[in-house]
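Asker: PDB, C-alpha atoms, saved as start-v2.pdb, coming up:
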ATOM      1  CA  MET A   9     106.284  53.166  71.024
ATOM      2  CA  SER A  10     105.440  54.215  67.467
ATOM      3  CA  LYS A  11     107.715  56.159  65.125
ATOM      4  CA  ARG A  12     105.180  58.966  65.208
ATOM      5  CA  THR A  13     105.492  59.270  69.027
ATOM      6  CA  LEU A  14     109.294  59.228  68.778
ATOM      7  CA  LEU A  15     109.087  62.181  66.374
ATOM      8  CA  VAL A  16     106.505  64.178  68.379
ATOM      9  CA  PHE A  17     108.438  64.161  71.701
ATOM     10  CA  PRO A  18     111.548  65.919  70.331
ATOM     11  CA  LEU A  19     109.412  68.480  68.447
ATOM     12  CA  VAL A  20     107.400  69.317  71.582
ATOM     13  CA  GLY A  21     110.652  69.556  73.531
ATOM     14  CA  LEU A  22     112.090  72.007  70.994
ATOM     15  CA  PHE A  23     108.920  74.109  71.092
ATOM     16  CA  LEU A  24     108.868  74.300  74.897
ATOM     17  CA  ALA A  25     112.593  74.996  75.103
ATOM     18  CA  ALA A  26     112.521  77.841  72.564
ATOM     19  CA  PRO A  27     111.876  80.646  75.088
ATOM     20  CA  VAL A  28     114.506  79.217  77.437
ATOM     21  CA  GLY A  29     117.009  78.813  74.648
ATOM     22  CA  SER A  30     116.407  82.372  73.506
ATOM     23  CA  ALA A  31     117.546  83.598  76.947
ATOM     24  CA  ARG A  32     121.163  82.746  76.099
ATOM     25  CA  ALA A  33     123.823  85.270  77.078
ATOM     26  CA  GLU A  34     123.620  87.149  73.765
ATOM     27  CA  HIS A  35     119.942  87.858  74.486
ATOM     28  CA  VAL A  36     120.636  89.387  77.911
ATOM     29  CA  ARG A  37     121.314  93.123  78.246
ATOM     30  CA  VAL A  38     122.529  94.900  81.380
ATOM     31  CA  GLY A  39     122.808  98.653  81.813
ATOM     32  CA  GLY A  40     121.952 101.839  83.607
ATOM     33  CA  THR A  41     119.338 104.572  83.321
ATOM     34  CA  VAL A  42     119.102 108.254  84.178
ATOM     35  CA  ALA A  43     115.744 110.029  84.287
ATOM     36  CA  VAL A  44     114.255 113.453  84.940
ATOM     37  CA  LEU A  45     110.783 113.494  86.513
ATOM     38  CA  PRO A  46     109.523 117.034  85.797
ATOM     39  CA  LEU A  47     105.831 116.504  86.571
ATOM     40  CA  GLY A  48     104.011 114.618  89.273
ATOM     41  CA  GLN A  49     101.329 114.630  91.896
ATOM     42  CA  ALA A  50     101.628 113.772  95.593
ATOM     43  CA  ARG A  51      98.518 112.953  97.622
ATOM     44  CA  LEU A  52      97.927 112.296 101.304
ATOM     45  CA  ASP A  53      94.543 110.780 102.178
ATOM     46  CA  GLY A  54      93.232 109.360 105.418
ATOM     47  CA  GLU A  55      90.577 109.852 108.044
ATOM     48  CA  GLY A  56      90.125 113.615 108.307
ATOM     49  CA  VAL A  57      93.107 114.301 106.026
ATOM     50  CA  SER A  58      93.076 115.046 102.311
ATOM     51  CA  GLU A  59      95.891 116.994 100.706
ATOM     52  CA  SER A  60      97.528 117.053  97.285
ATOM     53  CA  ALA A  61     100.345 118.982  95.689
ATOM     54  CA  ASP A  62     102.342 119.093  92.494
ATOM     55  CA  THR A  63     105.804 117.612  92.897
ATOM     56  CA  ALA A  64     109.101 119.347  92.420
ATOM     57  CA  THR A  65     111.399 118.034  89.696
ATOM     58  CA  ALA A  66     112.898 114.739  90.836
ATOM     59  CA  TYR A  67     115.776 112.736  89.395
ATOM     60  CA  GLY A  68     116.135 108.998  88.951
ATOM     61  CA  PHE A  69     119.167 106.719  88.762
ATOM     62  CA  GLY A  70     118.751 103.031  88.139
ATOM     63  CA  GLY A  71     119.852  99.807  86.610
ATOM     64  CA  ILE A  72     118.164  97.470  84.183
ATOM     65  CA  VAL A  73     118.474  93.837  83.168
ATOM     66  CA  GLU A  74     116.544  92.658  80.102
ATOM     67  CA  VAL A  75     116.106  89.203  78.627
ATOM     68  CA  GLN A  76     114.797  88.928  75.067
ATOM     69  CA  LEU A  77     112.457  85.932  75.267
ATOM     70  CA  LEU A  78     110.914  86.126  71.806
ATOM     71  CA  ARG A  79     111.514  88.293  68.753
ATOM     72  CA  HIS A  80     109.091  91.008  69.927
ATOM     73  CA  LEU A  81     108.924  90.294  73.670
ATOM     74  CA  ALA A  82     111.383  90.905  76.503
ATOM     75  CA  ILE A  83     111.163  90.943  80.278
ATOM     76  CA  GLY A  84     113.291  92.968  82.644
ATOM     77  CA  PHE A  85     114.041  94.093  86.173
ATOM     78  CA  ALA A  86     114.479  97.840  86.688
ATOM     79  CA  PRO A  87     115.370  99.063  90.194
ATOM     80  CA  ARG A  88     115.550 102.854  90.489
ATOM     81  CA  LEU A  89     116.381 105.427  93.185
ATOM     82  CA  LEU A  90     114.576 108.767  92.996
ATOM     83  CA  VAL A  91     115.962 111.836  94.762
ATOM     84  CA  ASN A  92     114.374 115.217  95.509
ATOM     85  CA  VAL A  93     110.951 113.629  96.021
ATOM     86  CA  LYS A  94     108.794 116.394  97.513
ATOM     87  CA  GLY A  95     105.952 118.779  96.874
ATOM     88  CA  GLU A  96     106.782 122.080  95.204
ATOM     89  CA  GLY A  97     108.075 124.513  97.800
ATOM     90  CA  ALA A  98     108.542 121.878 100.525
ATOM     91  CA  PRO A  99     111.707 122.497 102.579
ATOM     92  CA  GLU A 100     112.788 118.837 102.818
ATOM     93  CA  SER A 101     112.866 116.069 100.251
ATOM     94  CA  ALA A 102     112.536 112.303 100.466
ATOM     95  CA  LYS A 103     114.076 109.474  98.488
ATOM     96  CA  GLU A 104     112.098 106.743  96.751
ATOM     97  CA  LEU A 105     113.275 103.231  95.883
ATOM     98  CA  ASP A 106     111.308 101.592  93.064
ATOM     99  CA  LEU A 107     111.661  97.868  92.347
ATOM    100  CA  ALA A 108     109.821  97.189  89.111
ATOM    101  CA  LEU A 109     109.482  94.328  86.671
ATOM    102  CA  ARG A 110     109.067  95.200  83.012
ATOM    103  CA  VAL A 111     107.213  93.446  80.227
ATOM    104  CA  ILE A 112     108.466  94.967  76.985
ATOM    105  CA  GLY A 113     107.079  94.698  73.479
ATOM    106  CA  ASN A 114     109.364  95.862  70.674
ATOM    107  CA  VAL A 115     109.158  96.334  66.908
ATOM    108  CA  PRO A 116     112.107  97.025  64.579
ATOM    109  CA  VAL A 117     111.803 100.208  62.493
ATOM    110  CA  GLY A 118     115.039  99.950  60.569
ATOM    111  CA  ARG A 119     118.350  98.163  60.668
ATOM    112  CA  ILE A 120     119.432  99.591  64.031
ATOM    113  CA  ALA A 121     116.287 101.104  65.606
ATOM    114  CA  GLN A 122     113.391  99.653  67.594
ATOM    115  CA  LEU A 123     110.222 101.151  68.990
ATOM    116  CA  TYR A 124     109.181  99.664  72.311
ATOM    117  CA  GLY A 125     106.437  99.907  74.898
ATOM    118  CA  PHE A 126     106.382  98.563  78.429
ATOM    119  CA  ALA A 127     104.235  97.834  81.448
ATOM    120  CA  ALA A 128     106.021  97.869  84.796
ATOM    121  CA  PRO A 129     104.352  96.600  87.976
ATOM    122  CA  GLY A 130     106.420  96.824  91.124
ATOM    123  CA  TYR A 131     106.898  97.879  94.727
ATOM    124  CA  SER A 132     108.086 101.195  96.124
ATOM    125  CA  ILE A 133     109.471 102.473  99.438
ATOM    126  CA  ILE A 134     109.629 106.205 100.252
ATOM    127  CA  TYR A 135     112.316 107.256 102.732
ATOM    128  CA  VAL A 136     111.022 110.383 104.472
ATOM    129  CA  PRO A 137     113.510 112.272 106.681
ATOM    130  CA  ASP A 138     112.799 112.709 110.402
ATOM    131  CA  LEU A 139     109.875 110.292 110.647
ATOM    132  CA  PRO A 140     109.057 109.292 114.241
ATOM    133  CA  ASP A 141     110.428 105.876 115.221
ATOM    134  CA  GLU A 142     106.941 104.394 115.518
ATOM    135  CA  VAL A 143     106.046 105.384 111.944
ATOM    136  CA  GLY A 144     107.368 103.178 109.136
ATOM    137  CA  SER A 145     108.390 104.451 105.737
ATOM    138  CA  PRO A 146     105.499 104.711 103.250
ATOM    139  CA  ALA A 147     105.513 101.729 100.905
ATOM    140  CA  GLY A 148     103.237 100.082  98.389
ATOM    141  CA  PHE A 149     102.599  99.002  94.860
ATOM    142  CA  ILE A 150     103.454 100.986  91.747
ATOM    143  CA  PHE A 151     102.499 100.559  88.115
ATOM    144  CA  GLY A 152     104.232 102.229  85.197
ATOM    145  CA  ILE A 153     103.603 102.403  81.473
ATOM    146  CA  GLY A 154     105.624 104.006  78.718
ATOM    147  CA  GLY A 155     107.546 103.628  75.524
ATOM    148  CA  GLY A 156     110.539 104.809  73.611
ATOM    149  CA  VAL A 157     113.036 104.187  70.883
ATOM    150  CA  ALA A 158     116.233 102.139  71.122
ATOM    151  CA  PHE A 159     119.281 102.184  68.842
ATOM    152  CA  ASP A 160     121.860  99.431  68.424
ATOM    153  CA  VAL A 161     124.991 101.561  68.072
ATOM    154  CA  GLY A 162     127.282  98.555  67.994
ATOM    155  CA  PRO A 163     127.122  94.767  68.213
ATOM    156  CA  HIS A 164     127.060  94.902  72.008
ATOM    157  CA  LEU A 165     125.730  98.386  72.863
ATOM    158  CA  ARG A 166     122.184  99.753  72.825
ATOM    159  CA  LEU A 167     121.107 103.317  73.652
ATOM    160  CA  ALA A 168     117.476 104.212  74.359
ATOM    161  CA  ALA A 169     115.282 107.204  75.160
ATOM    162  CA  GLU A 170     111.842 106.835  76.714
ATOM    163  CA  LEU A 171     108.817 108.582  78.144
ATOM    164  CA  GLY A 172     106.750 106.994  80.899
ATOM    165  CA  TYR A 173     104.246 107.536  83.690
ATOM    166  CA  GLN A 174     104.142 105.775  87.040
ATOM    167  CA  LEU A 175     101.185 105.525  89.428
ATOM    168  CA  GLY A 176     101.943 105.030  93.105
ATOM    169  CA  ALA A 177      99.766 103.383  95.768
ATOM    170  CA  GLN A 178     101.987 103.768  98.833
ATOM    171  CA  GLN A 179     100.666 103.739 102.404
ATOM    172  CA  LEU A 180     101.896 104.345 105.922
ATOM    173  CA  THR A 181     100.461 103.486 109.321
ATOM    174  CA  GLU A 182     100.493 106.065 112.119
ATOM    175  CA  SER A 183      98.868 105.520 115.512
ATOM    176  CA  GLY A 184      96.831 102.656 114.102
ATOM    177  CA  GLN A 185      95.562 104.779 111.228
ATOM    178  CA  THR A 186      96.438 103.955 107.617
ATOM    179  CA  LEU A 187      97.214 106.908 105.376
ATOM    180  CA  ASP A 188      97.494 106.760 101.602
ATOM    181  CA  VAL A 189     100.696 108.482 100.484
ATOM    182  CA  GLU A 190     100.434 108.245  96.710
ATOM    183  CA  ILE A 191     103.043 109.745  94.402
ATOM    184  CA  ASP A 192     102.651 109.689  90.613
ATOM    185  CA  PHE A 193     105.425 110.742  88.244
ATOM    186  CA  LEU A 194     106.021 111.441  84.564
ATOM    187  CA  HIS A 195     109.582 110.601  83.554
ATOM    188  CA  VAL A 196     111.858 111.237  80.606
ATOM    189  CA  GLY A 197     114.840 108.906  80.619
ATOM    190  CA  VAL A 198     117.850 107.637  78.726
ATOM    191  CA  SER A 199     119.590 104.315  79.120
ATOM    192  CA  ALA A 200     122.645 102.476  77.900
ATOM    193  CA  MET A 201     122.720  98.681  77.832
ATOM    194  CA  ALA A 202     125.454  96.223  76.991
ATOM    195  CA  ARG A 203     124.731  92.794  75.577
ATOM    196  CA  LEU A 204     126.389  89.983  77.501
TER     197      LEU A 204
END
Before anything else, please render the file you have as structure tokens.

Answerer:
Amino acid sequence: MSKRTLLVFPLVGLFLAAPVGSARAEHVRVGGTVAVLPLGQARLDGEGVSESADTATAYGFGGIVEVQLLRHLAIGFAPRLLVNVKGEGAPESAKELDLALRVIGNVPVGRIAQLYGFAAPGYSIIYVPDLPDEVGSPAGFIFGIGGGVAFDVGPHLRLAAELGYQLGAQQLTESGQTLDVEIDFLHVGVSAMARL
């Protein structure tokens, strides 16, 4: 084996290990989020059925785990529970559980601030009260986009504010018929994350 080969193997190993090495504990953040969802659209579509309505204001409570892979790229997992999910004027509300992954691009804009944008594909389940036993909860894919600004207010604490929009593609099956139950939301949220 030549000296050149002996030098190339460690360099390739360092290059491939860089993203893994950057996921050390100091590059992992864990926290919580609170969001208000003031605008949205709920749609019900199926054979012989087509209805839509603006949504009432909903509220979201969630967690978030982020791993900074590269200087300007992070990935995360952001589960969230939404309450008061309903059309405006509807007497009863549902709950929605969103399980989303996040791909986050970020750019520093000062010593303690960062601008960031994200794409968030995921899966959602809507828990509707008083559904018949033979009808399952509406569920399906979701996709969110958004951005915000984050501030490092200490060596281990980051606060962020963001604006985002989520498209829903949920469905339910009733009597052999598939109905699209799609709920889209605009959200305004704040989060606090601690670095491990």

Asker: Just so the selection is clear, what residues does the PyMOL selection byres ((chain A and resi 102) around 6) cover here, as a PDB file with C-alpha atoms, in the coordinates of the input?

Answerer:
ATOM      1  CA  VAL A  93     110.951 113.629  96.021  1.00  0.00           C
ATOM      2  CA  SER A 101     112.866 116.069 100.251  1.00  0.00           C
ATOM      3  CA  LYS A 103     114.076 109.474  98.488  1.00  0.00           C
ATOM      4  CA  TYR A 135     112.316 107.256 102.732  1.00  0.00           C
ATOM      5  CA  VAL A 136     111.022 110.383 104.472  1.00  0.00           C
TER       6      VAL A 136
END

Asker: Using Å and a single decimal, report how far atom CA of A:Ser60 sits from atom CA of A:Tyr173.

Answerer: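 Here the two named atoms are 17.9 Å from each other.
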
Asker: For the PyMOL selection byres ((chain A and resi 149-162) around 9), applied here, can you spell out every residue it catches as a count of residues only?

Answerer: 40

Asker: Please report the interatomic distance between atom CA of A:Ala202 and atom CA of A:Gly39 in Å with one decimal.

Answerer: 6.0 Å

Asker: What would the selection look like, as number ranges by chain, if the PyMOL selection byres ((chain A and resi 41) around 10) were run on the coordinates I just shared?

Answerer: A: 39-40, 42-43, 68-72, 86-88, 167-169, 197-201

Asker: Please dump the current selection as a short mmCIF file (atom, residue, chain, number, x, y, z; two decimals), in the frame of the given file; keep C-alpha atoms.

Answerer:
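Output below, filename out.cif:
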data_model
loop_
_atom_site.label_atom_id
_atom_site.label_comp_id
_atom_site.auth_asym_id
_atom_site.auth_seq_id
_atom_site.Cartn_x
_atom_site.Cartn_y
_atom_site.Cartn_z
CA GLY A 39 122.81 98.65 81.81
CA GLY A 40 121.95 101.84 83.61
CA VAL A 42 119.10 108.25 84.18
CA ALA A 43 115.74 110.03 84.29
CA GLY A 68 116.14 109.00 88.95
CA PHE A 69 119.17 106.72 88.76
CA GLY A 70 118.75 103.03 88.14
CA GLY A 71 119.85 99.81 86.61
CA ILE A 72 118.16 97.47 84.18
CA ALA A 86 114.48 97.84 86.69
CA PRO A 87 115.37 99.06 90.19
CA ARG A 88 115.55 102.85 90.49
CA LEU A 167 121.11 103.32 73.65
CA ALA A 168 117.48 104.21 74.36
CA ALA A 169 115.28 107.20 75.16
CA GLY A 197 114.84 108.91 80.62
CA VAL A 198 117.85 107.64 78.73
CA SER A 199 119.59 104.32 79.12
CA ALA A 200 122.64 102.48 77.90
CA MET A 201 122.72 98.68 77.83
#

Asker: Smallest atom-to-atom distance to A:Ala50: which of A:Val196, A:Leu139, A:Ala64, A:Leu109, using only C-alpha atoms?

Answerer: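 For A:Ala50, the nearest of the given residues is A:Ala64.
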
Asker: How many Å lie between atom CA of A:Gln185 and atom CA of A:Ser145, rounded to one decimal?

Answerer: 14.0 Å

Asker: Please determine the residues with any atom at most 6 Å from (112.2, 109.3, 89.3) (coordinates as given in the file, with all atoms listed in the file counting) and report them as a list in words.

Answerer: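 I get Leu45, Ala66, Tyr67, Gly68 and Leu90 of chain A for the residues within 6 Å of that point.
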
Asker: Which residue out of A:Leu52, A:Leu47, A:Ile191, A:Val36 has the minimum interatomic distance to A:Glu104 when all atoms listed in the file are used?

Answerer: A:Ile191

Asker: Of the candidates A:Leu180, A:Val57, A:Val38, A:Leu204, which one gets nearest to A:Val143 if we count only C-alpha atoms?

Answerer: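 Looking at the shortest contact to A:Val143, the residue is A:Leu180.
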
Asker: Check the smallest atom-to-atom distance from each of A:Glu55, A:Glu100, A:Asp188, A:Glu74 to A:Pro146 using all atoms listed in the file, then report the winner.

Answerer: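 For A:Pro146, the nearest of the candidates is A:Asp188.
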